[in-house]
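Dumped structure09.csv below, it's CSV, C-alpha atoms:
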```csv
chain,number,residue,atom,x,y,z
A,1,ILE,CA,0.0,0.0,0.0
A,2,ASP,CA,2.9,2.4,0.8
A,3,ALA,CA,4.2,1.8,-2.7
A,4,GLU,CA,0.8,2.9,-4.1
A,5,TYR,CA,1.0,6.1,-2.1
A,6,ASP,CA,4.5,6.8,-3.3
A,7,GLN,CA,3.3,6.2,-6.9
A,8,LEU,CA,0.5,8.7,-6.3
A,9,LYS,CA,2.9,11.3,-5.0
A,10,ALA,CA,5.2,10.7,-8.0
A,11,GLU,CA,2.2,11.2,-10.3
A,12,GLY,CA,1.6,14.6,-8.7
A,13,ALA,CA,-1.3,13.7,-6.4
A,14,SER,CA,-2.0,16.2,-3.6
A,15,GLU,CA,-1.9,15.2,0.1
A,16,ILE,CA,-5.7,15.6,0.1
A,17,ASP,CA,-6.0,13.1,-2.8
A,18,ILE,CA,-3.7,10.7,-1.0
A,19,GLU,CA,-5.8,11.0,2.2
A,20,GLU,CA,-9.0,10.3,0.3
A,21,ASN,CA,-7.3,7.3,-1.3
A,22,LYS,CA,-6.3,6.0,2.1
A,23,LYS,CA,-9.9,6.3,3.3
A,24,GLU,CA,-11.2,4.5,0.2
A,25,MET,CA,-8.6,1.7,0.6
A,26,SER,CA,-9.5,1.3,4.3
A,27,HIS,CA,-13.2,0.9,3.2
A,28,MET,CA,-12.2,-1.5,0.5
A,29,ASP,CA,-10.1,-3.6,3.0
A,30,ALA,CA,-13.1,-3.8,5.3
A,31,LEU,CA,-15.4,-5.0,2.5
A,32,LEU,CA,-13.0,-7.4,0.9
A,33,GLY,CA,-11.8,-8.7,4.2
A,34,ASN,CA,-15.3,-9.5,5.6
A,35,ASP,CA,-15.3,-13.1,6.9
A,36,ALA,CA,-18.5,-14.0,5.1
A,37,THR,CA,-17.2,-12.6,1.9
A,38,ILE,CA,-13.9,-14.5,2.3
A,39,ASN,CA,-15.8,-17.7,2.9
A,40,ASP,CA,-17.9,-17.2,-0.3
A,41,LEU,CA,-14.8,-16.3,-2.2
A,42,VAL,CA,-12.9,-19.4,-1.1
A,43,GLU,CA,-15.9,-21.7,-1.7
A,44,ASP,CA,-16.2,-20.3,-5.3
A,45,ILE,CA,-12.5,-20.6,-6.0
A,46,ILE,CA,-12.3,-24.2,-4.6
A,47,GLY,CA,-15.3,-25.3,-6.6
A,48,HIS,CA,-14.1,-23.7,-9.8
A,49,TYR,CA,-10.6,-25.0,-9.4
A,50,GLU,CA,-11.7,-28.6,-8.6
A,51,GLU,CA,-14.3,-28.8,-11.3
A,52,ASN,CA,-12.3,-27.1,-14.1
A,53,ARG,CA,-8.9,-25.7,-13.7
A,54,GLN,CA,-7.0,-28.4,-11.8
A,55,TYR,CA,-7.1,-30.3,-15.1
A,56,ILE,CA,-5.7,-27.6,-17.3
A,57,CYS,CA,-2.1,-28.1,-18.0
A,58,CYS,CA,-0.6,-29.1,-14.6
A,59,GLY,CA,-3.2,-27.2,-12.5
A,60,LYS,CA,-1.1,-24.1,-11.6
A,61,ALA,CA,-3.2,-21.2,-10.3
A,62,MET,CA,-2.6,-17.9,-8.6
A,63,ILE,CA,-4.9,-16.0,-6.2
A,64,VAL,CA,-4.2,-12.3,-6.1
A,65,ALA,CA,-5.3,-11.0,-2.7
A,66,TYR,CA,-6.1,-7.3,-1.9
A,67,SER,CA,-3.8,-7.2,1.1
A,68,ARG,CA,-1.5,-9.2,3.3
A,69,PRO,CA,-4.2,-9.8,6.0
A,70,ILE,CA,-6.7,-10.9,3.4
A,71,ALA,CA,-4.1,-13.2,1.8
A,72,MET,CA,-3.7,-14.9,5.2
A,73,LYS,CA,-7.5,-15.1,5.7
A,74,ILE,CA,-7.9,-16.8,2.3
A,75,TYR,CA,-5.1,-19.2,3.1
A,76,LYS,CA,-6.5,-20.2,6.5
A,77,ARG,CA,-10.0,-20.6,5.0
A,78,ILE,CA,-8.8,-22.8,2.2
A,79,LEU,CA,-7.1,-25.1,4.7
A,80,GLU,CA,-10.2,-25.2,6.9
A,81,VAL,CA,-12.2,-26.4,3.9
A,82,ARG,CA,-9.4,-28.5,2.4
A,83,PRO,CA,-7.1,-29.5,5.3
A,84,ASP,CA,-5.2,-31.9,3.0
A,85,TRP,CA,-4.0,-29.0,0.8
A,86,THR,CA,-1.1,-28.0,3.0
A,87,GLU,CA,1.4,-28.7,0.2
A,88,LYS,CA,-1.0,-27.7,-2.6
A,89,VAL,CA,-1.5,-24.0,-1.6
A,90,LYS,CA,1.1,-21.6,-0.3
A,91,VAL,CA,1.3,-17.9,0.6
A,92,VAL,CA,4.0,-15.9,-1.2
A,93,MET,CA,4.3,-12.3,0.2
A,94,THR,CA,6.7,-10.1,1.9
A,95,SER,CA,7.1,-10.3,5.6
A,96,GLY,CA,7.0,-7.4,8.1
A,97,ASN,CA,8.5,-6.7,11.5
A,98,GLN,CA,5.1,-6.4,13.0
A,99,ASP,CA,3.8,-9.7,11.6
A,100,PRO,CA,2.3,-12.2,14.0
A,101,GLU,CA,4.5,-15.2,14.7
A,102,GLU,CA,1.9,-17.4,13.0
A,103,TRP,CA,2.4,-15.5,9.8
A,104,GLN,CA,6.1,-15.7,10.0
A,105,LYS,CA,5.9,-19.5,9.9
A,106,ILE,CA,3.7,-19.4,6.8
A,107,ILE,CA,5.6,-16.7,4.9
A,108,GLY,CA,9.0,-18.0,5.8
A,109,SER,CA,12.5,-16.7,4.9
A,110,LYS,CA,13.9,-15.5,1.6
A,111,SER,CA,15.3,-19.0,1.0
A,112,TYR,CA,11.9,-20.5,1.7
A,113,LYS,CA,10.3,-18.2,-0.9
A,114,ASN,CA,13.0,-19.2,-3.4
A,115,GLU,CA,12.1,-22.8,-2.7
A,116,LEU,CA,8.4,-22.0,-3.3
A,117,ALA,CA,9.3,-20.3,-6.6
A,118,ARG,CA,11.2,-23.5,-7.7
A,119,LYS,CA,8.2,-25.7,-6.7
A,120,PHE,CA,5.7,-23.5,-8.4
A,121,LYS,CA,7.7,-23.7,-11.7
A,122,ASP,CA,8.0,-27.5,-11.4
A,123,LEU,CA,5.2,-29.1,-13.3
A,124,ASN,CA,5.3,-32.2,-11.1
A,125,SER,CA,5.4,-30.4,-7.7
A,126,GLU,CA,2.5,-30.7,-5.3
A,127,MET,CA,2.4,-26.9,-5.0
A,128,LYS,CA,-0.4,-25.9,-7.4
A,129,ILE,CA,-1.9,-22.7,-6.0
A,130,ALA,CA,0.0,-19.5,-4.9
A,131,ILE,CA,-1.7,-16.8,-2.9
A,132,VAL,CA,0.1,-13.5,-3.6
A,133,VAL,CA,-0.4,-9.8,-2.9
A,134,ASP,CA,2.3,-8.1,-4.9
A,135,MET,CA,5.1,-10.7,-5.2
A,136,TRP,CA,5.2,-12.7,-8.4
A,137,LEU,CA,2.9,-10.3,-10.2
A,138,THR,CA,5.8,-8.8,-12.2
A,139,GLY,CA,8.8,-10.5,-13.6
A,140,PHE,CA,8.0,-14.0,-12.4
A,141,ASP,CA,7.6,-16.3,-15.3
A,142,VAL,CA,5.7,-19.6,-14.9
A,143,PRO,CA,4.4,-20.4,-18.4
A,144,SER,CA,2.4,-23.3,-17.1
A,145,LEU,CA,0.3,-20.9,-14.9
A,146,ALA,CA,-3.2,-21.4,-16.4
A,147,THR,CA,-5.5,-19.6,-13.9
A,148,MET,CA,-5.5,-16.3,-12.0
A,149,TYR,CA,-8.2,-15.5,-9.5
A,150,VAL,CA,-8.1,-11.7,-9.0
A,151,TYR,CA,-9.3,-10.3,-5.7
A,152,LYS,CA,-7.5,-7.0,-5.9
A,153,PRO,CA,-8.3,-3.9,-7.9
A,154,MET,CA,-5.5,-3.2,-10.3
A,155,LYS,CA,-5.0,-0.8,-13.2
A,156,GLY,CA,-2.5,0.3,-15.8
A,157,HIS,CA,0.9,-1.3,-15.9
A,158,ASN,CA,0.3,-3.4,-12.8
A,159,LEU,CA,-2.8,-5.0,-14.3
A,160,MET,CA,-1.1,-5.7,-17.6
A,161,GLN,CA,1.9,-7.3,-15.8
A,162,ALA,CA,-0.4,-9.5,-13.7
A,163,ILE,CA,-2.4,-10.7,-16.7
A,164,ALA,CA,0.9,-11.4,-18.5
A,165,ARG,CA,1.7,-13.9,-15.8
A,166,VAL,CA,-1.2,-16.2,-16.8
A,167,ASN,CA,-1.0,-15.5,-20.5
A,168,ARG,CA,2.3,-17.2,-21.4
A,169,VAL,CA,2.4,-19.8,-24.2
A,170,PHE,CA,2.7,-23.3,-23.0
A,171,PRO,CA,1.9,-26.8,-24.5
A,172,GLU,CA,-1.6,-28.1,-23.6
A,173,LYS,CA,-2.7,-24.6,-22.7
A,174,SER,CA,-4.8,-22.7,-25.2
A,175,GLY,CA,-4.7,-19.5,-23.0
A,176,GLY,CA,-4.8,-18.3,-19.5
A,177,LEU,CA,-8.0,-17.6,-17.6
A,178,VAL,CA,-8.5,-14.6,-15.4
A,179,VAL,CA,-11.4,-14.9,-12.9
A,180,ASP,CA,-12.3,-11.3,-11.8
A,181,TYR,CA,-13.9,-10.9,-8.4
A,182,VAL,CA,-13.4,-7.1,-8.1
A,183,GLY,CA,-14.3,-5.6,-11.5
A,184,ILE,CA,-11.0,-5.1,-13.2
A,185,ALA,CA,-12.6,-5.4,-16.7
A,186,ALA,CA,-13.2,-1.6,-16.9
A,187,ALA,CA,-9.5,-0.9,-16.0
A,188,LEU,CA,-8.5,-3.5,-18.6
A,189,LYS,CA,-10.6,-1.8,-21.3
A,190,SER,CA,-9.0,1.6,-20.5
```

Once you've parsed the file, please lay out its structure as structure tokens.
Amino acid sequence: IDAEYDQLKAEGASEIDIEENKKEMSHMDALLGNDATINDLVEDIIGHYEENRQYICCGKAMIVAYSRPIAMKIYKRILEVRPDWTEKVKVVMTSGNQDPEEWQKIIGSKSYKNELARKFKDLNSEMKIAIVVDMWLTGFDVPSLATMYVYKPMKGHNLMQAIARVNRVFPEKSGGLVVDYVGIAAALKS
């Protein structure tokens, strides 16, 4: 989020604009982070993935979460519904000094993230689903990635880079699928 504020400043936004943006983002976080909404989201993703996308290519998918706390909520809810998915789904995001100890165990060290990157690129790895916030949305190439579940408003360069992750050419993949939960279609058109 701080990077977004820095970008707004660089684009010439006033302090008032930035404060209004912070309020809007806080409101968005409350809406998207609501427990009932997360439960519905996870049920939909699991159903869609199990019925369709796990069979495309090697079943690699990415869930793009709005924020770090929401990424953790999604992860925890997935494991409540599918407790046997501990190797199938992983969270890939930066860690912070104020993170709860529980998060630190899930996020891991830099070397652990490097290991997850290797596993996600490996067609035969048990790791099939990566939950991300910002990491891996730019410059991370996994041509076998066939599905992206987007639960984060994005626009401009960030949106195009994210979509490029799932749109790489790969055998047995006719194209990537982006499942939009937050209405990025208008941003994509512009």

Requested in this report: Compile the contact shell of Tyr149 of chain A as a count of residues only: residues with an atom at most 7 Å away, counting all atoms listed in the file, same-chain residues fewer than 5 positions apart removed.
Outcome: 6

Query raised in the report: Near Thr138 of chain A, counting all atoms listed in the file, which residues have an atom at most 8 Å away, once you skip same-chain residues fewer than 5 positions from it, shown as a ChimeraX atom specification?
Result: /A:158,161-162,165

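Using all atoms listed in the file, the shortest contact distance between Pro69 of chain A and any of A:Gln54, A:Ser95, A:Tyr181, A:Ile45 is found at A:Ser95.
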
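Minimum distance to His48 of chain A across A:Ala61, A:Met93, A:Ala30, A:Leu116 (counting only C-alpha atoms) occurs at A:Ala61.
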
Query raised in the report: Got a sec: who's within 12 Å of Ile74 of chain A, counting all atoms listed in the file, leaving out chain neighbours fewer than 3 positions off, as a ChimeraX atom specification?
Result: /A:32-46,63-71,77-82,89-91,129-133,149,151

Return as lines of an AutoDock Vina configuration file the centre and edge lengths, in Å with one decimal, of the box along x, y and z that encloses every atom of segment 114-125 of chain A in the file, padded by 5 Å per side.
```
center_x = 9.1
center_y = -25.7
center_z = -8.0
size_x = 17.8
size_y = 23.0
size_z = 20.6
```

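The two atoms in question, atom CA of Val169 of chain A and atom CA of Thr94 of chain A, are spaced 28.2 Å apart.
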
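For the pair atom CA of Ile184 of chain A and atom CA of Met154 of chain A, the separation is 6.5 Å.
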
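For the pair atom CA of Ala186 of chain A and atom CA of Tyr55 of chain A, the interatomic distance is 29.4 Å.
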
Requested in this report: Go through A:Gly183, A:Gly59, A:Pro153, A:Pro143 one by one, measure the shortest atom-to-atom distance of each to Phe170 of chain A using only C-alpha atoms, and give the residue with the smallest value.
Outcome: A:Pro143
